[in-house]
Amino acid sequence: MRFTTTCLLVASLMLPVAGGCGSGDSEKDAAVKPDSLVQVNFSHDNLIEACVRLAACNVDRKPRVSDCIENFHKRFTYFGQRKLYEALYHCANQGNGDCKVIRECLGYKGRPQNGECDKAFAAKCEDDVAHTCDLIVGGWLQALDCKKGGLKCAVRDTGSTKTAVCTIDSCNKDLFKPECRDRKLLTCVGGAIQIDDCPAKQLQCRDPNVGLCEGTGRSCSQTSPTCKGSVVVTCEQSYLSEIDCSKVYGKKKCDPLSVSCVGAGTQCDTGGQTTFDTCEADTLVVCIDGTLKRFDCKKMGFVGCEKAAYGAYCKAEHVYD
């Protein structure tokens with residue numbers, strides 16, 4: 001799976017947003033008290049396992065487990081929500097094969113009744129819990145406790161949609177000016193601070209008015225990227241960028257052909273458009289960074305392995321009629 005160094009600004013997927021309204025108070029003043037965080041030891045292997053469980057319970061089901069892993073970083077890690085989703089995914093791993101438990105870890109409690117989750121649903125915050133209608137997973141109400149990641153809840157209003165999201169603070173679009181804080185880029189979107197975690201991408205915020213993460217090195221002219229060992233060397237927003245593939249999530253290397261970070265293994269093609277997860281009896285076989293990994297679905301508490309039109313998943317007992 002290729003890793004790009006450009007800023008991943010997909011508005012429909014950006015969740016960071018938050019609580020009290022201001023023009024940019026300090027993060028120390030805005031943050032939720034540290035003792036409200038759920039502290040967990042969460043490794044890359046834990047993330048892979050969580051993705052298998054979430055797919056089985058149709059929470060984050062994609063043709064490849066590797067897509068779930070990339071989604072975790074592009075949607076959450078890169079936008080200031082890593083601690084929150086590590087806590088939620090850790091909870092999912094404790095649920096074994098019980099989809100009721102796993103779904104509730106991600107804030108889905110029971111099937112909505114009487115059209116509760118439809119176009120008329122109004123996103124809201126209650127005690128820093130973000131209540132949204134998640135149409136991506138089939139029209140379910142989701143309640144995310146932002147405090148588990150040391151964040152606050154706020155409603156982001158883009159004019160066409162209102163979404164309750166988790167971030168460090170809310171903001172006044174007329175007063176808030178983009179800023180660099182701890183090398184992260186903070187902007188105001190729809191009345192909520194949006195976090196672009198540049199350091200998570202081995203970049204930094206130098207000039208907030210640029211609106212993108214920049215390289216961490218000296219000034220440079222735009223040139224074609226090159227591989228220097230495991231490092232992708234390029235010029236990012238007029239500053240030298242050296243992305244060490246060995247420090248990107250998973251096990252990756254710099255590929256001279258694409259000049260990007262790709263899976264270091266040679267057993268399978270993670271980025272192949274026709275390479276999907278599959279079943280070997282009750283075992284789910286997935287390709288992660290070029291290496292095949294196998295998961296015994298029954299030992300994980302599920303019914304078995306199930307093939308789909310695209311990909312395969314551990315099959316779970318049905319919950320929520």
# chains A, B, ... in the order shown; residues from 1 in each chain; ligands from 1
>>> residues_around(residues="Leu203 in chain A", least_positions_apart="3", cutoff="7 Å", atoms="only C-alpha atoms", output="list in words")
Cys198, Pro199, Cys213, Glu214, Gly215 and Thr216 of chain A
>>> write_last_selection(atoms="C-alpha atoms", output="compact mmCIF listing (two decimals), in the first residue's frame")
# COMPACT_ATOMS: atom_id res chain seq x y z
CA CYS A 198 2.08 17.15 10.20
CA PRO A 199 4.61 15.37 12.49
CA CYS A 213 2.27 20.51 5.86
CA GLU A 214 5.80 21.37 4.76
CA GLY A 215 9.15 19.62 4.69
CA THR A 216 11.34 19.65 7.79
>>> residues_around(residues="range 288-305 of chain A", least_positions_apart="2", cutoff="8 Å", atoms="only C-alpha atoms", output="PyMOL selection string")
chain A and resi 1+65-66+96-98+250-252+262-270+279-286+307+312-317
>>> closest_residue(among="A:Cys146, A:Ile69, A:Ala120, A:Cys105", to="Leu84 in chain A", atoms="only C-alpha atoms")
A:Cys146
>>> atom_distance(atom1="CA of Ala192 in chain A", atom2="CA of Val129 in chain A")
15.0 Å
>>> select_by_dssp(residues="range 51-283 of chain A", states="helix (DSSP H, G or I)", output="JSON list (two decimals) with C-alpha atoms, in the first residue's frame")
[["chain", "number", "residue", "atom", "x", "y", "z"],
["A", 51, "CYS", "CA", -9.45, -4.39, 11.66],
["A", 52, "VAL", "CA", -10.25, -8.10, 11.31],
["A", 53, "ARG", "CA", -12.80, -7.87, 14.14],
["A", 54, "LEU", "CA", -14.39, -4.64, 12.87],
["A", 55, "ALA", "CA", -14.78, -6.10, 9.37],
["A", 56, "ALA", "CA", -16.44, -9.22, 10.79],
["A", 65, "VAL", "CA", -7.68, -5.43, 5.90],
["A", 66, "SER", "CA", -4.81, -3.27, 4.65],
["A", 67, "ASP", "CA", -7.42, -0.69, 3.54],
["A", 68, "CYS", "CA", -8.69, -0.50, 7.13],
["A", 69, "ILE", "CA", -5.14, 0.08, 8.38],
["A", 70, "GLU", "CA", -4.55, 2.89, 5.90],
["A", 71, "ASN", "CA", -7.95, 4.35, 6.77],
["A", 72, "PHE", "CA", -7.01, 4.37, 10.46],
["A", 73, "HIS", "CA", -4.01, 6.57, 9.76],
["A", 74, "LYS", "CA", -5.46, 8.82, 7.06],
["A", 75, "ARG", "CA", -8.71, 9.52, 8.93],
["A", 76, "PHE", "CA", -7.60, 9.47, 12.54],
["A", 77, "THR", "CA", -3.84, 9.52, 13.13],
["A", 78, "TYR", "CA", -3.17, 12.31, 10.62],
["A", 79, "PHE", "CA", -5.96, 14.45, 12.06],
["A", 82, "ARG", "CA", -4.97, 8.59, 17.26],
["A", 83, "LYS", "CA", -5.35, 8.24, 21.04],
["A", 84, "LEU", "CA", -9.13, 8.20, 20.77],
["A", 85, "TYR", "CA", -9.27, 5.47, 18.14],
["A", 86, "GLU", "CA", -6.53, 3.42, 19.76],
["A", 87, "ALA", "CA", -8.77, 3.29, 22.85],
["A", 88, "LEU", "CA", -11.84, 2.36, 20.77],
["A", 89, "TYR", "CA", -10.01, -0.31, 18.74],
["A", 90, "HIS", "CA", -8.39, -1.71, 21.88],
["A", 91, "CYS", "CA", -11.89, -2.08, 23.31],
["A", 92, "ALA", "CA", -12.98, -3.91, 20.13],
["A", 93, "ASN", "CA", -10.14, -6.41, 20.53],
["A", 99, "CYS", "CA", -20.27, -8.16, 17.64],
["A", 100, "LYS", "CA", -22.64, -6.53, 20.12],
["A", 101, "VAL", "CA", -19.66, -5.70, 22.35],
["A", 102, "ILE", "CA", -17.44, -4.73, 19.43],
["A", 103, "ARG", "CA", -20.01, -2.43, 17.85],
["A", 104, "GLU", "CA", -20.73, -0.77, 21.19],
["A", 105, "CYS", "CA", -16.99, -0.09, 21.61],
["A", 135, "LEU", "CA", -24.97, 6.46, 6.98],
["A", 136, "ILE", "CA", -21.75, 4.72, 5.88],
["A", 137, "VAL", "CA", -22.56, 1.71, 8.08],
["A", 146, "CYS", "CA", -14.29, 12.26, 22.80],
["A", 147, "LYS", "CA", -12.89, 12.30, 26.35],
["A", 148, "LYS", "CA", -11.39, 8.85, 25.77],
["A", 149, "GLY", "CA", -8.87, 10.55, 23.49],
["A", 198, "CYS", "CA", 2.08, 17.15, 10.20],
["A", 199, "PRO", "CA", 4.61, 15.37, 12.49],
["A", 200, "ALA", "CA", 2.60, 12.15, 12.13],
["A", 201, "LYS", "CA", 3.47, 12.36, 8.42],
["A", 208, "PRO", "CA", 0.06, 28.35, 8.71],
["A", 209, "ASN", "CA", -0.99, 30.56, 5.81],
["A", 210, "VAL", "CA", 0.33, 27.95, 3.35],
["A", 245, "CYS", "CA", 9.75, 4.50, 5.12],
["A", 246, "SER", "CA", 11.04, 2.38, 8.01],
["A", 247, "LYS", "CA", 9.23, 4.81, 10.35]]
>>> select_by_dssp(residues="range 193-285 of chain A", states="strand (DSSP E)", output="JSON, numbers by chain")
{"A": [193, 194, 195, 196, 226, 227, 228, 231, 232, 233, 234, 235, 236, 239, 240, 241, 242, 243, 244, 252, 253, 254, 255, 260, 261, 262, 263, 278, 279, 280, 283, 284, 285]}
>>> write_last_selection(atoms="N, CA and C atoms", output="compact mmCIF listing (two decimals), in the first residue's frame")
# COMPACT_ATOMS: atom_id res chain seq x y z
N ILE A 193 -12.08 23.49 15.26
CA ILE A 193 -10.67 23.45 14.88
C ILE A 193 -10.36 22.12 14.20
N GLN A 194 -9.76 22.22 13.04
CA GLN A 194 -9.33 21.03 12.31
C GLN A 194 -7.83 20.87 12.52
N ILE A 195 -7.41 19.66 12.88
CA ILE A 195 -6.00 19.38 13.16
C ILE A 195 -5.38 18.63 12.00
N ASP A 196 -4.33 19.17 11.45
CA ASP A 196 -3.53 18.44 10.47
C ASP A 196 -2.23 18.09 11.17
N THR A 226 13.21 11.11 -5.06
CA THR A 226 14.16 10.02 -5.25
C THR A 226 14.22 9.16 -3.99
N CYS A 227 14.71 7.95 -4.13
CA CYS A 227 14.92 7.07 -2.98
C CYS A 227 16.38 7.17 -2.55
N LYS A 228 16.58 7.35 -1.27
CA LYS A 228 17.92 7.33 -0.69
C LYS A 228 17.89 6.27 0.41
N VAL A 231 14.66 6.05 2.48
CA VAL A 231 14.10 7.39 2.62
C VAL A 231 13.63 7.95 1.28
N VAL A 232 12.41 8.49 1.28
CA VAL A 232 11.89 9.20 0.11
C VAL A 232 12.30 10.67 0.25
N VAL A 233 13.12 11.14 -0.66
CA VAL A 233 13.60 12.52 -0.61
C VAL A 233 12.87 13.34 -1.67
N THR A 234 12.24 14.41 -1.23
CA THR A 234 11.52 15.27 -2.16
C THR A 234 11.47 16.68 -1.60
N CYS A 235 10.80 17.57 -2.32
CA CYS A 235 10.65 18.94 -1.87
C CYS A 235 9.17 19.17 -1.60
N GLU A 236 8.83 19.36 -0.35
CA GLU A 236 7.43 19.50 0.05
C GLU A 236 7.14 20.94 0.43
N TYR A 239 10.30 23.05 0.91
CA TYR A 239 11.26 22.65 1.94
C TYR A 239 11.58 21.16 1.79
N LEU A 240 12.84 20.82 2.04
CA LEU A 240 13.30 19.45 1.88
C LEU A 240 12.51 18.51 2.79
N SER A 241 12.03 17.43 2.21
CA SER A 241 11.28 16.42 2.94
C SER A 241 11.99 15.09 2.82
N GLU A 242 12.25 14.44 3.93
CA GLU A 242 12.88 13.13 3.95
C GLU A 242 12.00 12.19 4.76
N ILE A 243 11.18 11.43 4.05
CA ILE A 243 10.26 10.50 4.70
C ILE A 243 10.93 9.14 4.82
N ASP A 244 11.21 8.74 6.04
CA ASP A 244 11.85 7.44 6.30
C ASP A 244 10.78 6.36 6.29
N LYS A 252 7.70 -1.01 5.77
CA LYS A 252 7.74 -0.49 4.41
C LYS A 252 9.17 -0.16 3.98
N LYS A 253 9.31 0.00 2.67
CA LYS A 253 10.59 0.36 2.06
C LYS A 253 10.33 1.40 0.99
N CYS A 254 11.38 2.06 0.55
CA CYS A 254 11.25 3.02 -0.54
C CYS A 254 11.37 2.28 -1.87
N ASP A 255 10.36 2.38 -2.69
CA ASP A 255 10.32 1.72 -3.99
C ASP A 255 10.85 2.67 -5.06
N SER A 260 8.00 5.85 -3.59
CA SER A 260 7.06 5.98 -2.48
C SER A 260 7.29 4.84 -1.51
N CYS A 261 6.71 4.93 -0.34
CA CYS A 261 6.83 3.86 0.65
C CYS A 261 5.82 2.76 0.34
N VAL A 262 6.32 1.55 0.12
CA VAL A 262 5.47 0.40 -0.19
C VAL A 262 5.81 -0.74 0.77
N GLY A 263 4.98 -1.76 0.78
CA GLY A 263 5.23 -2.91 1.64
C GLY A 263 6.59 -3.53 1.38
N THR A 278 -8.76 -13.38 1.32
CA THR A 278 -9.43 -14.61 0.93
C THR A 278 -9.54 -15.58 2.10
N CYS A 279 -10.18 -16.72 1.86
CA CYS A 279 -10.38 -17.72 2.91
C CYS A 279 -9.62 -19.00 2.57
N GLU A 280 -9.07 -19.63 3.58
CA GLU A 280 -8.57 -21.00 3.52
C GLU A 280 -9.31 -21.75 4.61
N THR A 283 -9.90 -20.01 7.95
CA THR A 283 -8.80 -19.06 8.15
C THR A 283 -8.89 -17.90 7.15
N LEU A 284 -8.82 -16.69 7.67
CA LEU A 284 -8.79 -15.50 6.83
C LEU A 284 -7.34 -15.20 6.47
N VAL A 285 -7.06 -15.05 5.17
CA VAL A 285 -5.71 -14.78 4.69
C VAL A 285 -5.67 -13.36 4.14
>>> residues_around(residues="Trp140 in chain A", least_positions_apart="5", cutoff="9 Å", atoms="only C-alpha atoms", output="MDAnalysis selection string")
chainID A and resid 108:112 116:117 132:135
>>> closest_residue(among="A:Phe121, A:Asp207, A:Tyr310, A:Gln237", to="Ser221 in chain A", atoms="only C-alpha atoms")
A:Gln237
>>> atom_distance(atom1="CA of Val155 in chain A", atom2="CA of Glu126 in chain A")
10.7 Å
